[in-house]
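Note: the block below is model.cif and it holds mmCIF, C-alpha atoms.
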```cif
data_model
loop_
_atom_site.label_atom_id
_atom_site.label_comp_id
_atom_site.auth_asym_id
_atom_site.auth_seq_id
_atom_site.Cartn_x
_atom_site.Cartn_y
_atom_site.Cartn_z
CA MET U 1 26.64 -16.95 -30.30
CA ASN U 2 29.23 -19.09 -28.52
CA ASN U 3 29.81 -16.28 -26.07
CA ASP U 4 26.04 -16.09 -25.35
CA ARG U 5 25.92 -19.82 -24.69
CA HIS U 6 28.94 -19.57 -22.42
CA ASN U 7 27.30 -16.66 -20.54
CA ASP U 8 24.08 -18.64 -20.14
CA ALA U 9 25.91 -21.67 -18.73
CA SER U 10 27.90 -19.48 -16.41
CA LEU U 11 24.74 -17.72 -15.21
CA GLU U 12 23.00 -21.04 -14.59
CA ALA U 13 26.03 -22.20 -12.60
CA TYR U 14 25.78 -19.01 -10.55
CA PHE U 15 22.09 -19.62 -9.77
CA GLN U 16 22.83 -23.20 -8.82
CA HIS U 17 25.61 -21.97 -6.56
CA LEU U 18 23.19 -19.54 -4.88
CA GLN U 19 20.73 -22.39 -4.32
CA THR U 20 23.26 -24.72 -2.75
CA CYS U 21 25.01 -22.09 -0.64
CA ALA U 22 21.92 -20.32 0.71
CA PRO U 23 22.59 -18.30 3.86
CA THR U 24 20.75 -19.43 6.96
CA ALA U 25 19.01 -17.37 9.61
CA THR U 26 20.59 -17.17 13.03
CA GLU U 27 19.07 -18.81 16.10
CA HIS U 28 18.85 -15.33 17.62
CA LEU U 29 16.55 -14.17 14.79
CA ARG U 30 14.43 -17.30 15.16
CA GLN U 31 13.98 -16.61 18.86
CA ARG U 32 13.14 -12.96 18.16
CA ILE U 33 10.41 -14.02 15.72
CA LEU U 34 8.92 -16.58 18.06
CA ALA U 35 8.99 -14.11 20.95
CA GLN U 36 6.70 -11.79 18.96
CA THR U 37 3.81 -14.15 19.50
CA ASP U 38 4.15 -13.83 23.29
CA GLU U 39 3.85 -10.06 23.30
CA THR U 40 0.15 -9.96 22.51
CA PRO U 41 -2.18 -12.38 24.33
CA ALA U 42 -3.60 -14.65 21.66
CA THR U 43 -7.19 -14.51 22.91
CA TRP U 44 -7.29 -10.74 22.99
CA ASN U 45 -5.71 -10.52 19.59
CA TYR U 46 -8.24 -12.95 18.20
CA LEU U 47 -11.15 -11.08 19.78
CA ILE U 48 -9.91 -7.70 18.52
CA THR U 49 -9.57 -9.06 14.99
CA TRP U 50 -12.99 -10.68 15.20
CA PHE U 51 -14.67 -7.47 16.39
CA ALA U 52 -12.87 -5.42 13.76
CA GLU U 53 -14.06 -7.80 11.07
CA GLN U 54 -17.65 -7.76 12.39
CA PHE U 55 -17.58 -3.97 12.57
CA PHE U 56 -16.46 -3.55 8.98
CA HIS U 57 -18.94 -6.15 7.80
CA SER U 58 -21.78 -4.38 9.61
CA VAL U 59 -20.68 -1.02 8.19
CA TRP U 60 -20.87 -2.42 4.68
CA ARG U 61 -24.14 -4.18 5.39
CA THR U 62 -25.69 -0.99 6.79
CA ALA U 63 -24.43 0.96 3.81
CA ALA U 64 -25.90 -1.53 1.38
CA THR U 65 -29.25 -2.11 3.07
CA VAL U 66 -30.10 1.19 4.76
CA VAL U 67 -28.07 4.14 3.56
CA LEU U 68 -28.14 3.33 -0.15
CA PRO U 69 -31.92 2.74 -0.45
CA LEU U 70 -32.56 5.83 1.69
CA ALA U 71 -30.30 7.96 -0.48
CA LEU U 72 -31.97 6.54 -3.59
CA GLY U 73 -35.41 7.19 -2.12
CA PHE U 74 -34.59 10.76 -1.23
CA GLY U 75 -33.11 11.32 -4.66
CA LEU U 76 -36.23 10.04 -6.40
CA GLY U 77 -38.46 11.94 -3.98
CA PHE U 78 -36.81 15.21 -4.80
CA THR U 79 -37.02 14.61 -8.53
CA GLN U 80 -40.73 13.81 -8.32
CA SER U 81 -41.59 16.75 -6.13
CA GLU U 82 -39.76 19.06 -8.56
CA GLU U 83 -41.92 17.63 -11.35
CA ASN U 84 -45.06 18.26 -9.23
CA TYR U 85 -44.10 21.84 -8.67
CA ALA U 86 -43.67 22.22 -12.40
CA VAL U 87 -47.08 20.74 -13.18
CA GLU U 88 -49.17 22.32 -10.48
CA PRO U 89 -49.04 25.95 -11.73
CA LEU U 90 -50.15 24.78 -15.16
CA LEU U 91 -53.14 22.98 -13.72
CA PHE U 92 -53.96 26.01 -11.65
CA ALA U 93 -53.68 28.23 -14.72
CA ASP U 94 -55.97 25.92 -16.73
CA SER U 95 -58.63 25.88 -14.10
CA LEU U 96 -58.40 29.64 -13.70
CA ASP U 97 -58.82 30.15 -17.44
CA THR U 98 -61.84 27.89 -17.49
CA LEU U 99 -63.27 29.71 -14.57
CA LEU U 100 -62.57 33.10 -16.09
CA LEU U 101 -63.80 32.09 -19.56
CA GLY U 102 -66.89 30.64 -18.01
CA GLU U 103 -67.51 33.83 -16.24
CA VAL U 104 -66.97 35.79 -19.47
CA ASP U 105 -69.45 33.60 -21.32
CA GLU U 106 -71.95 34.12 -18.63
CA ILE U 107 -71.53 37.85 -19.02
CA MET D 1 -2.09 -22.01 8.36
CA GLN D 2 -5.61 -22.54 9.63
CA ALA D 3 -4.20 -23.27 13.09
CA ILE D 4 -2.07 -20.10 12.99
CA ALA D 5 -5.19 -18.10 12.11
CA ASN D 6 -6.49 -19.33 15.46
CA TYR D 7 -3.23 -18.19 17.10
CA ASP D 8 -1.79 -21.65 17.64
CA GLN D 9 1.78 -20.99 18.75
CA LYS D 10 2.90 -24.57 18.12
CA ALA D 11 1.77 -24.43 14.48
CA PHE D 12 3.47 -21.06 14.10
CA THR D 13 6.77 -22.42 15.47
CA GLU D 14 6.56 -25.31 13.02
CA LEU D 15 5.95 -23.01 10.06
CA VAL D 16 8.83 -20.73 11.14
CA THR D 17 11.16 -23.72 11.44
CA ARG D 18 10.21 -24.95 7.99
CA HIS D 19 10.38 -21.68 6.04
CA LEU D 20 12.62 -19.27 7.96
CA ASP D 21 15.88 -20.05 6.15
CA SER D 22 14.32 -19.83 2.71
CA LEU D 23 12.69 -16.48 3.53
CA PHE D 24 15.88 -15.16 5.11
CA ALA D 25 17.96 -16.12 2.05
CA TYR D 26 15.50 -14.36 -0.24
CA ALA D 27 15.32 -11.27 2.00
CA LEU D 28 19.10 -11.07 2.22
CA ARG D 29 19.58 -11.29 -1.53
CA LEU D 30 16.75 -8.87 -2.16
CA SER D 31 17.88 -6.20 0.29
CA GLY D 32 21.60 -6.97 0.30
CA SER D 33 22.07 -6.24 3.99
CA THR D 34 21.91 -8.64 6.93
CA GLN D 35 20.27 -6.11 9.23
CA GLN D 36 17.57 -5.17 6.73
CA ALA D 37 16.98 -8.82 5.88
CA GLU D 38 16.50 -9.67 9.55
CA ASP D 39 14.08 -6.75 10.06
CA LEU D 40 12.23 -7.72 6.91
CA VAL D 41 11.89 -11.36 7.93
CA GLN D 42 10.81 -10.46 11.47
CA ASP D 43 8.21 -8.04 10.11
CA THR D 44 7.01 -10.70 7.67
CA TRP D 45 6.46 -13.28 10.40
CA LEU D 46 4.63 -10.75 12.56
CA THR D 47 2.28 -10.09 9.63
CA VAL D 48 1.82 -13.83 9.15
CA TRP D 49 0.95 -14.24 12.84
CA GLN D 50 -1.59 -11.42 12.72
CA LYS D 51 -3.10 -12.04 9.28
CA ALA D 52 -2.91 -15.79 8.74
CA PHE D 53 -6.70 -15.80 8.38
CA GLN D 54 -6.24 -14.03 5.04
CA TYR D 55 -4.48 -17.07 3.57
CA GLN D 56 -6.78 -18.95 1.23
CA PRO D 57 -5.96 -22.67 1.21
CA GLY D 58 -5.90 -24.27 -2.22
CA LYS D 59 -5.30 -21.00 -4.02
CA VAL D 60 -1.54 -20.79 -3.51
CA ARG D 61 1.08 -22.81 -1.63
CA PRO D 62 1.93 -21.55 1.88
CA THR D 63 5.51 -20.78 0.75
CA THR D 64 4.19 -18.65 -2.14
CA TRP D 65 1.98 -16.69 0.27
CA LEU D 66 4.88 -16.21 2.71
CA HIS D 67 7.11 -14.88 -0.07
CA LYS D 68 4.30 -12.59 -1.20
CA VAL D 69 3.97 -11.16 2.32
CA LEU D 70 7.74 -10.65 2.48
CA HIS D 71 7.82 -9.00 -0.92
CA ASN D 72 5.02 -6.60 0.07
CA ARG D 73 6.88 -5.72 3.28
CA TYR D 74 9.97 -5.07 1.17
CA ILE D 75 8.04 -2.75 -1.15
CA ASP D 76 6.74 -0.88 1.95
CA MET D 77 10.33 -0.55 3.14
CA VAL D 78 11.43 0.83 -0.24
CA ARG D 79 8.49 3.26 -0.34
CA LYS D 80 9.26 4.50 3.16
CA LYS D 81 12.64 5.30 1.70
CA THR D 82 14.53 3.24 4.24
CA PRO D 83 18.05 3.38 2.85
CA ILE D 84 18.51 0.22 0.80
CA TYR D 85 21.96 -1.18 0.36
CA VAL D 86 23.25 -0.88 -3.18
CA GLY D 87 26.79 -1.18 -4.36
CA GLN D 88 28.44 -2.27 -1.14
CA PRO D 89 31.87 -3.66 -1.95
CA VAL D 90 31.42 -7.31 -2.85
CA SER D 91 34.08 -8.47 -0.40
CA ASP D 92 32.04 -6.99 2.50
CA SER D 93 28.80 -8.56 1.36
CA PRO D 94 27.53 -10.94 4.05
CA TYR D 95 26.64 -13.76 1.72
CA THR D 96 29.35 -13.59 -0.92
CA THR D 97 32.06 -14.24 1.64
CA GLU D 98 30.18 -17.26 3.01
CA GLU D 99 29.30 -18.51 -0.43
CA SER D 100 32.73 -18.03 -1.95
CA ALA D 101 34.23 -20.56 0.47
CA ASN D 102 33.51 -23.46 -1.90
CA PHE D 103 35.43 -22.20 -4.88
CA GLU D 104 38.34 -20.35 -3.37
CA ASP D 105 40.76 -22.16 -5.65
CA ASP D 106 39.00 -21.01 -8.85
CA ALA D 107 39.85 -17.33 -9.14
CA GLU D 108 38.08 -16.82 -12.46
CA LEU D 109 34.84 -18.36 -11.23
CA GLN D 110 35.09 -16.36 -8.03
CA LEU D 111 35.49 -13.15 -10.00
CA ARG D 112 32.62 -14.08 -12.32
CA PHE D 113 30.23 -14.87 -9.45
CA ALA D 114 31.25 -11.74 -7.59
CA THR D 115 30.46 -9.74 -10.72
CA TYR D 116 27.05 -11.36 -10.96
CA THR D 117 26.34 -10.57 -7.32
CA LYS D 118 27.33 -6.95 -7.81
CA ALA D 119 25.24 -6.68 -11.00
CA LEU D 120 22.30 -8.31 -9.18
CA GLN D 121 22.39 -5.60 -6.53
CA THR D 122 22.25 -2.83 -9.12
CA LEU D 123 19.15 -4.27 -10.84
CA PRO D 124 15.76 -2.59 -10.29
CA GLU D 125 13.86 -4.31 -7.42
CA ALA D 126 11.25 -5.99 -9.63
CA GLN D 127 13.88 -7.46 -11.96
CA ARG D 128 15.99 -8.71 -9.07
CA ALA D 129 12.95 -10.28 -7.39
CA ALA D 130 11.72 -11.94 -10.60
CA LEU D 131 15.13 -13.50 -11.18
CA LEU D 132 15.74 -14.63 -7.59
CA LEU D 133 12.26 -16.07 -7.07
CA ALA D 134 12.40 -18.19 -10.21
CA HIS D 135 16.05 -19.22 -10.43
CA VAL D 136 17.09 -19.36 -6.80
CA GLN D 137 13.92 -19.84 -4.72
CA GLY D 138 12.55 -22.30 -7.28
CA PHE D 139 9.11 -20.83 -7.99
CA SER D 140 7.33 -21.24 -11.31
CA ASN D 141 6.74 -18.08 -13.35
CA LYS D 142 3.04 -18.30 -12.48
CA GLU D 143 3.90 -18.27 -8.77
CA VAL D 144 6.39 -15.44 -9.29
CA ALA D 145 3.59 -13.48 -10.99
CA THR D 146 1.36 -14.08 -7.94
CA ILE D 147 4.08 -12.97 -5.53
CA LEU D 148 4.93 -9.81 -7.49
CA GLY D 149 1.31 -9.07 -8.39
CA VAL D 150 1.99 -8.86 -12.13
CA SER D 151 1.20 -10.98 -15.21
CA VAL D 152 3.28 -14.00 -16.27
CA ARG D 153 4.29 -12.11 -19.40
CA ALA D 154 5.57 -9.21 -17.28
CA VAL D 155 7.59 -11.68 -15.19
CA GLU D 156 9.19 -13.12 -18.34
CA SER D 157 10.04 -9.64 -19.54
CA LEU D 158 11.57 -8.69 -16.16
CA GLN D 159 13.66 -11.87 -16.16
CA ALA D 160 14.87 -11.35 -19.74
CA ARG D 161 16.01 -7.80 -18.95
CA ALA D 162 17.69 -8.91 -15.71
CA ARG D 163 19.51 -11.77 -17.44
CA ARG D 164 20.72 -9.42 -20.16
CA THR D 165 22.20 -7.07 -17.53
CA LEU D 166 24.00 -9.95 -15.79
CA GLN D 167 25.23 -11.34 -19.11
CA ASN D 168 26.57 -7.93 -20.11
CA ALA D 169 28.44 -7.72 -16.82
CA ASP D 170 29.84 -11.19 -17.48
CA THR D 171 30.91 -10.23 -21.01
CA ALA D 172 32.75 -7.23 -19.59
CA ILE D 173 34.56 -9.53 -17.16
CA GLY D 174 35.40 -11.92 -20.01
CA ARG D 175 36.87 -9.00 -21.94
CA ASP D 176 38.94 -7.93 -18.94
CA LEU D 177 40.20 -11.45 -18.39
CA GLY D 178 41.03 -11.74 -22.11
CA THR D 179 43.12 -8.60 -22.04
CA ASN D 180 44.91 -9.66 -18.88
CA ARG D 181 45.97 -12.98 -20.37
#
```
How does the structure come out when it is put into structure tokens?
Amino acid sequence: MNNDRHNDASLEAYFQHLQTCAPTATEHLRQRILAQTDETPATWNYLITWFAEQFFHSVWRTAATVVLPLALGFGLGFTQSEENYAVEPLLFADSLDTLLLGEVDEI
Amino acid sequence: MQAIANYDQKAFTELVTRHLDSLFAYALRLSGSTQQAEDLVQDTWLTVWQKAFQYQPGKVRPTTWLHKVLHNRYIDMVRKKTPIYVGQPVSDSPYTTEESANFEDDAELQLRFATYTKALQTLPEAQRAALLLAHVQGFSNKEVATILGVSVRAVESLQARARRTLQNADTAIGRDLGTNR
């Protein structure tokens, strides 16, 4: 128990030491970082980002408002037309029977 | 940050001046090598310059966001399998030599701190980051969770495991010192 407490205190002292003796970045690194902003003209960079954002937004908007409803519409259309094909022969058969039976009765 | 999003170089210079040392210290202790820390910090600031518009004011402090960007860059570096320094002799470590200047007269303390530094470098990345961010960089556990992208409970667990590893290393040193006396 005592050993644990001693370890804890020693660890806290270590962290405090790391806080107070933090290494600092060199001036050379600072200059290197600041120079990065000169490499790309700010206006162009801003415009490129803006266009990229607009493009992705419009892609999503198109997907949500045009592609999705179209896909849904086509999907439903196909399902309904399949149902129609399934019903139509039956109707045809019914009317044929009636026609045939009618003819038989007449005979 | 708003000004930087509009590519204001003056605002960027001010932010760099205010946070560079803190980010560099964290990067150096996280990666363990001066060269990697410098690359990491430079990459971080380039990301900040290009993506400052992603910062959401009021959600987190600018320093938390900066550390998050740096941590993500570090994870990218690890994933790209850039050789990460582990286990370099403590005497060659760039920060232990600078930091040991203050307690040169206390050999036991020097040995103890050197052991901690060595043990810190052998910890898994997430554990090392959780410990450094909270105990050295001064973030709350909630902020550490934001930076690492995990829950507060996970942060506490990472810290507990990391502390145990460091304490075990310290106990081993205590044993060695005991036998030498």
* **Residue members of the PyMOL selection byres ((chain U) within 6 of (chain D)) in the file shown, as a count of residues only** => 10
* To do: Find the spatial neighbours of range 119-129 of chain D, counting only C-alpha atoms, within a cut-off of 9 Å - ignore same-chain residues fewer than 6 positions away - and output them as a ChimeraX atom specification.
  => /D:26,29-32,71,75,85-88,144,148,155,157-163,165-166,169
* To do: Could you check how far CA of Ile147 in chain D sits from CA of Gln54 in chain D, in Å to one decimal?
  =>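 If I compute the distance from CA of Ile147 in chain D to CA of Gln54 in chain D, I get 14.8 Å.
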* **Contacts of Arg61 in chain D at 12 Å (all atoms listed in the file; same-chain gap of 5+ positions) as a list of chain:residue names** => D:Met1, D:Tyr55, D:Gln56, D:Leu66, D:His67, D:Lys68, D:Phe139, D:Ser140, D:Lys142, D:Glu143, D:Val144, D:Thr146, D:Ile147
* Structure fact -> Separating CA of Ala107 in chain D from CA of Ala130 in chain D, to the nearest tenth of an Å, is a gap of 28.7 Å
* Structure fact -> Min atom-atom distance to Leu70 in chain D from the set D:Leu133, D:Ile4, D:Pro57, D:Glu14, counting only C-alpha atoms, belongs to D:Leu133
* Quick one: pull the distance between CA of Val66 in chain U and CA of Glu53 in chain U, Å, one decimal. => 19.4 Å
